[in-house]
Amino acid sequence: MKKIFIPLVISFITLIGFSQEKPSGWKELDDFHAIVAPVFHTFEKGNFHAAKDSAGLVLDRARSWQASNIPPGLDASIYKPLIDKLVAQCLLVYDAVQTKKTDEELKPLLRKAHNTFHEILAKYNQSDNKPKS
């Protein structure tokens, strides 16, 4: 029951919070953000349950983003390496969860993935060539 309940709660919270944000115009970025926002922000408050329960889903979203095309007008040579880095970091988080690493061991892995996502988001937000939403 717990394995179903927590992802449902995360999805609900995500829908409420994300519905108030304007879509970026980059579907895969928005899809990834919708999943990771509650995960990243709850671990910062010391709650690792969402990160542990959603590690597989986060990795799947990161891989989907990696497999997609960079929107026209954006420089793939900037974004592809960062997305590849993000996927590698999400894989490290997933592996840490699977091997039951402690919260203290998981924290820097989550922080690195969080920072990489924000690096991508910052570059995207600074771009003059963003797709229109």
# chains A, B, ... in the order shown; residues from 1 in each chain; ligands from 1
>>> residues_around(residues="stretch 45-52 of chain A", least_positions_apart="2", cutoff="10 Å", atoms="only C-alpha atoms", output="list in words")
Ile6, Pro7, Val9, Ile10, Val36, Pro38, Val39, Phe40, His41, Thr42, Phe43, Ser54, Ala55, Gly56, Leu57, Val58, Val93, Tyr94, Ala96, Val97, Gln98, Lys100, Thr102, Asp103, Glu104, Leu106, Lys107 and Leu110 of chain A
>>> write_last_selection(atoms="N, CA and C atoms", output="CSV table (one decimal), in the first residue's frame")
chain,number,residue,atom,x,y,z
A,6,ILE,N,2.5,6.7,-1.7
A,6,ILE,CA,3.5,7.8,-1.7
A,6,ILE,C,3.6,8.4,-3.1
A,7,PRO,N,3.8,7.6,-4.2
A,7,PRO,CA,3.8,8.2,-5.5
A,7,PRO,C,2.5,8.9,-5.9
A,9,VAL,N,0.6,10.5,-3.8
A,9,VAL,CA,0.6,11.8,-3.1
A,9,VAL,C,1.6,12.8,-3.8
A,10,ILE,N,2.7,12.2,-4.2
A,10,ILE,CA,3.7,13.1,-4.9
A,10,ILE,C,3.1,13.6,-6.2
A,36,VAL,N,10.4,15.7,-10.4
A,36,VAL,CA,11.5,15.9,-9.5
A,36,VAL,C,11.3,17.1,-8.5
A,38,PRO,N,8.9,17.8,-6.3
A,38,PRO,CA,8.6,17.4,-4.9
A,38,PRO,C,9.7,16.5,-4.3
A,39,VAL,N,10.4,15.8,-5.1
A,39,VAL,CA,11.4,14.9,-4.7
A,39,VAL,C,12.6,15.7,-4.1
A,40,PHE,N,13.1,16.6,-4.9
A,40,PHE,CA,14.2,17.4,-4.6
A,40,PHE,C,13.9,18.3,-3.4
A,41,HIS,N,12.7,18.9,-3.3
A,41,HIS,CA,12.5,19.8,-2.3
A,41,HIS,C,12.1,19.2,-0.9
A,42,THR,N,11.7,18.0,-1.0
A,42,THR,CA,11.4,17.3,0.3
A,42,THR,C,12.7,16.8,0.9
A,43,PHE,N,13.6,16.3,0.1
A,43,PHE,CA,14.9,15.8,0.7
A,43,PHE,C,15.7,17.0,1.3
A,54,SER,N,10.6,7.3,-5.5
A,54,SER,CA,10.5,7.8,-6.9
A,54,SER,C,11.8,7.7,-7.7
A,55,ALA,N,12.8,7.1,-7.2
A,55,ALA,CA,14.1,7.1,-7.9
A,55,ALA,C,14.0,6.5,-9.3
A,56,GLY,N,13.2,5.4,-9.4
A,56,GLY,CA,13.0,4.8,-10.7
A,56,GLY,C,12.3,5.6,-11.7
A,57,LEU,N,11.3,6.3,-11.2
A,57,LEU,CA,10.5,7.2,-12.1
A,57,LEU,C,11.3,8.4,-12.5
A,58,VAL,N,12.1,8.9,-11.6
A,58,VAL,CA,13.0,10.1,-11.9
A,58,VAL,C,14.0,9.7,-13.0
A,93,VAL,N,21.7,7.9,-8.1
A,93,VAL,CA,20.7,8.0,-7.0
A,93,VAL,C,19.9,6.7,-7.0
A,94,TYR,N,19.5,6.3,-8.1
A,94,TYR,CA,18.7,5.0,-8.2
A,94,TYR,C,19.5,3.8,-7.7
A,96,ALA,N,21.9,3.9,-5.5
A,96,ALA,CA,22.1,4.1,-4.1
A,96,ALA,C,20.8,3.7,-3.3
A,97,VAL,N,19.7,4.0,-3.9
A,97,VAL,CA,18.4,3.6,-3.3
A,97,VAL,C,18.3,2.0,-3.3
A,98,GLN,N,18.6,1.5,-4.5
A,98,GLN,CA,18.5,0.0,-4.6
A,98,GLN,C,19.4,-0.7,-3.7
A,100,LYS,N,20.3,0.4,-0.8
A,100,LYS,CA,19.9,0.8,0.6
A,100,LYS,C,21.0,1.7,1.3
A,102,THR,N,22.5,4.9,3.1
A,102,THR,CA,21.9,5.8,4.1
A,102,THR,C,21.5,7.1,3.5
A,103,ASP,N,20.6,7.8,4.3
A,103,ASP,CA,20.2,9.1,3.8
A,103,ASP,C,21.4,10.1,3.7
A,104,GLU,N,22.4,9.9,4.5
A,104,GLU,CA,23.6,10.8,4.5
A,104,GLU,C,24.4,10.5,3.2
A,106,LEU,N,23.0,9.3,0.4
A,106,LEU,CA,22.1,9.7,-0.7
A,106,LEU,C,22.0,11.2,-0.9
A,107,LYS,N,22.1,12.0,0.2
A,107,LYS,CA,22.0,13.4,0.1
A,107,LYS,C,22.9,14.1,-0.9
A,110,LEU,N,21.7,13.3,-4.5
A,110,LEU,CA,20.5,14.1,-4.8
A,110,LEU,C,20.8,15.6,-5.1
>>> residues_around(residues="stretch 77-83 of chain A", least_positions_apart="6", cutoff="9 Å", atoms="only C-alpha atoms", output="list of chain:residue names")
A:Ala62, A:Arg63, A:Trp65, A:Gln66, A:Ile70, A:Thr116, A:Phe117, A:Glu119, A:Ile120, A:Lys123, A:Tyr124
>>> select_by_dssp(residues="stretch 56-125 of chain A", states="helix (DSSP H, G or I)", output="JSON, numbers by chain")
{"A": [56, 57, 58, 59, 60, 61, 62, 63, 64, 65, 66, 67, 76, 77, 78, 79, 80, 81, 82, 83, 84, 85, 86, 87, 88, 89, 90, 91, 92, 93, 94, 95, 96, 97, 98, 103, 104, 105, 106, 107, 108, 109, 110, 111, 112, 113, 114, 115, 116, 117, 118, 119, 120, 121, 122, 123, 124, 125]}
>>> write_last_selection(atoms="C-alpha atoms", output="PDB file, in the first residue's frame")
ATOM      1  CA  GLY A  56      13.044   4.752 -10.716  1.00  0.00           C
ATOM      2  CA  LEU A  57      10.484   7.189 -12.084  1.00  0.00           C
ATOM      3  CA  VAL A  58      12.951  10.077 -11.929  1.00  0.00           C
ATOM      4  CA  LEU A  59      15.533   8.000 -13.801  1.00  0.00           C
ATOM      5  CA  ASP A  60      12.933   7.035 -16.430  1.00  0.00           C
ATOM      6  CA  ARG A  61      11.997  10.704 -16.967  1.00  0.00           C
ATOM      7  CA  ALA A  62      15.644  11.697 -17.230  1.00  0.00           C
ATOM      8  CA  ARG A  63      16.257   8.969 -19.817  1.00  0.00           C
ATOM      9  CA  SER A  64      13.191  10.051 -21.804  1.00  0.00           C
ATOM     10  CA  TRP A  65      14.529  13.591 -21.825  1.00  0.00           C
ATOM     11  CA  GLN A  66      17.941  12.307 -22.916  1.00  0.00           C
ATOM     12  CA  ALA A  67      16.388  10.344 -25.806  1.00  0.00           C
ATOM     13  CA  ALA A  76      22.370  20.856 -28.559  1.00  0.00           C
ATOM     14  CA  SER A  77      26.099  21.055 -27.790  1.00  0.00           C
ATOM     15  CA  ILE A  78      25.191  22.931 -24.605  1.00  0.00           C
ATOM     16  CA  TYR A  79      22.183  20.926 -23.469  1.00  0.00           C
ATOM     17  CA  LYS A  80      22.981  17.318 -24.455  1.00  0.00           C
ATOM     18  CA  PRO A  81      26.083  17.005 -22.219  1.00  0.00           C
ATOM     19  CA  LEU A  82      24.179  18.484 -19.285  1.00  0.00           C
ATOM     20  CA  ILE A  83      21.238  16.132 -19.782  1.00  0.00           C
ATOM     21  CA  ASP A  84      23.671  13.204 -20.095  1.00  0.00           C
ATOM     22  CA  LYS A  85      25.249  14.311 -16.812  1.00  0.00           C
ATOM     23  CA  LEU A  86      21.812  14.530 -15.206  1.00  0.00           C
ATOM     24  CA  VAL A  87      20.939  10.993 -16.335  1.00  0.00           C
ATOM     25  CA  ALA A  88      24.223   9.671 -14.911  1.00  0.00           C
ATOM     26  CA  GLN A  89      23.482  11.392 -11.609  1.00  0.00           C
ATOM     27  CA  CYS A  90      19.918  10.056 -11.510  1.00  0.00           C
ATOM     28  CA  LEU A  91      21.330   6.577 -12.130  1.00  0.00           C
ATOM     29  CA  LEU A  92      23.660   7.017  -9.146  1.00  0.00           C
ATOM     30  CA  VAL A  93      20.669   8.011  -7.006  1.00  0.00           C
ATOM     31  CA  TYR A  94      18.688   5.012  -8.239  1.00  0.00           C
ATOM     32  CA  ASP A  95      21.595   2.643  -7.548  1.00  0.00           C
ATOM     33  CA  ALA A  96      22.078   4.129  -4.076  1.00  0.00           C
ATOM     34  CA  VAL A  97      18.408   3.570  -3.292  1.00  0.00           C
ATOM     35  CA  GLN A  98      18.526   0.010  -4.627  1.00  0.00           C
ATOM     36  CA  ASP A 103      20.199   9.138   3.829  1.00  0.00           C
ATOM     37  CA  GLU A 104      23.562  10.796   4.452  1.00  0.00           C
ATOM     38  CA  GLU A 105      25.069   8.874   1.522  1.00  0.00           C
ATOM     39  CA  LEU A 106      22.076   9.702  -0.658  1.00  0.00           C
ATOM     40  CA  LYS A 107      22.006  13.426   0.140  1.00  0.00           C
ATOM     41  CA  PRO A 108      25.062  14.525  -1.934  1.00  0.00           C
ATOM     42  CA  LEU A 109      23.878  12.453  -4.890  1.00  0.00           C
ATOM     43  CA  LEU A 110      20.475  14.119  -4.811  1.00  0.00           C
ATOM     44  CA  ARG A 111      22.064  17.529  -4.374  1.00  0.00           C
ATOM     45  CA  LYS A 112      24.292  17.017  -7.452  1.00  0.00           C
ATOM     46  CA  ALA A 113      21.332  15.951  -9.603  1.00  0.00           C
ATOM     47  CA  HIS A 114      19.294  18.886  -8.285  1.00  0.00           C
ATOM     48  CA  ASN A 115      22.099  21.334  -9.089  1.00  0.00           C
ATOM     49  CA  THR A 116      22.547  19.928 -12.588  1.00  0.00           C
ATOM     50  CA  PHE A 117      18.832  20.266 -13.279  1.00  0.00           C
ATOM     51  CA  HIS A 118      18.952  23.882 -12.147  1.00  0.00           C
ATOM     52  CA  GLU A 119      21.991  24.494 -14.337  1.00  0.00           C
ATOM     53  CA  ILE A 120      20.013  23.254 -17.355  1.00  0.00           C
ATOM     54  CA  LEU A 121      17.000  25.314 -16.321  1.00  0.00           C
ATOM     55  CA  ALA A 122      19.079  28.466 -15.848  1.00  0.00           C
ATOM     56  CA  LYS A 123      20.711  28.130 -19.277  1.00  0.00           C
ATOM     57  CA  TYR A 124      17.325  27.515 -20.821  1.00  0.00           C
ATOM     58  CA  ASN A 125      15.723  30.489 -19.079  1.00  0.00           C
TER      59      ASN A 125
END
>>> closest_residue(among="A:Asn69, A:Ser127, A:Leu74, A:Thr99", to="A:Lys27", atoms="only C-alpha atoms")
A:Asn69
>>> atom_distance(atom1="atom CA of A:Ala37", atom2="atom CA of A:Gln126")
20.2 Å
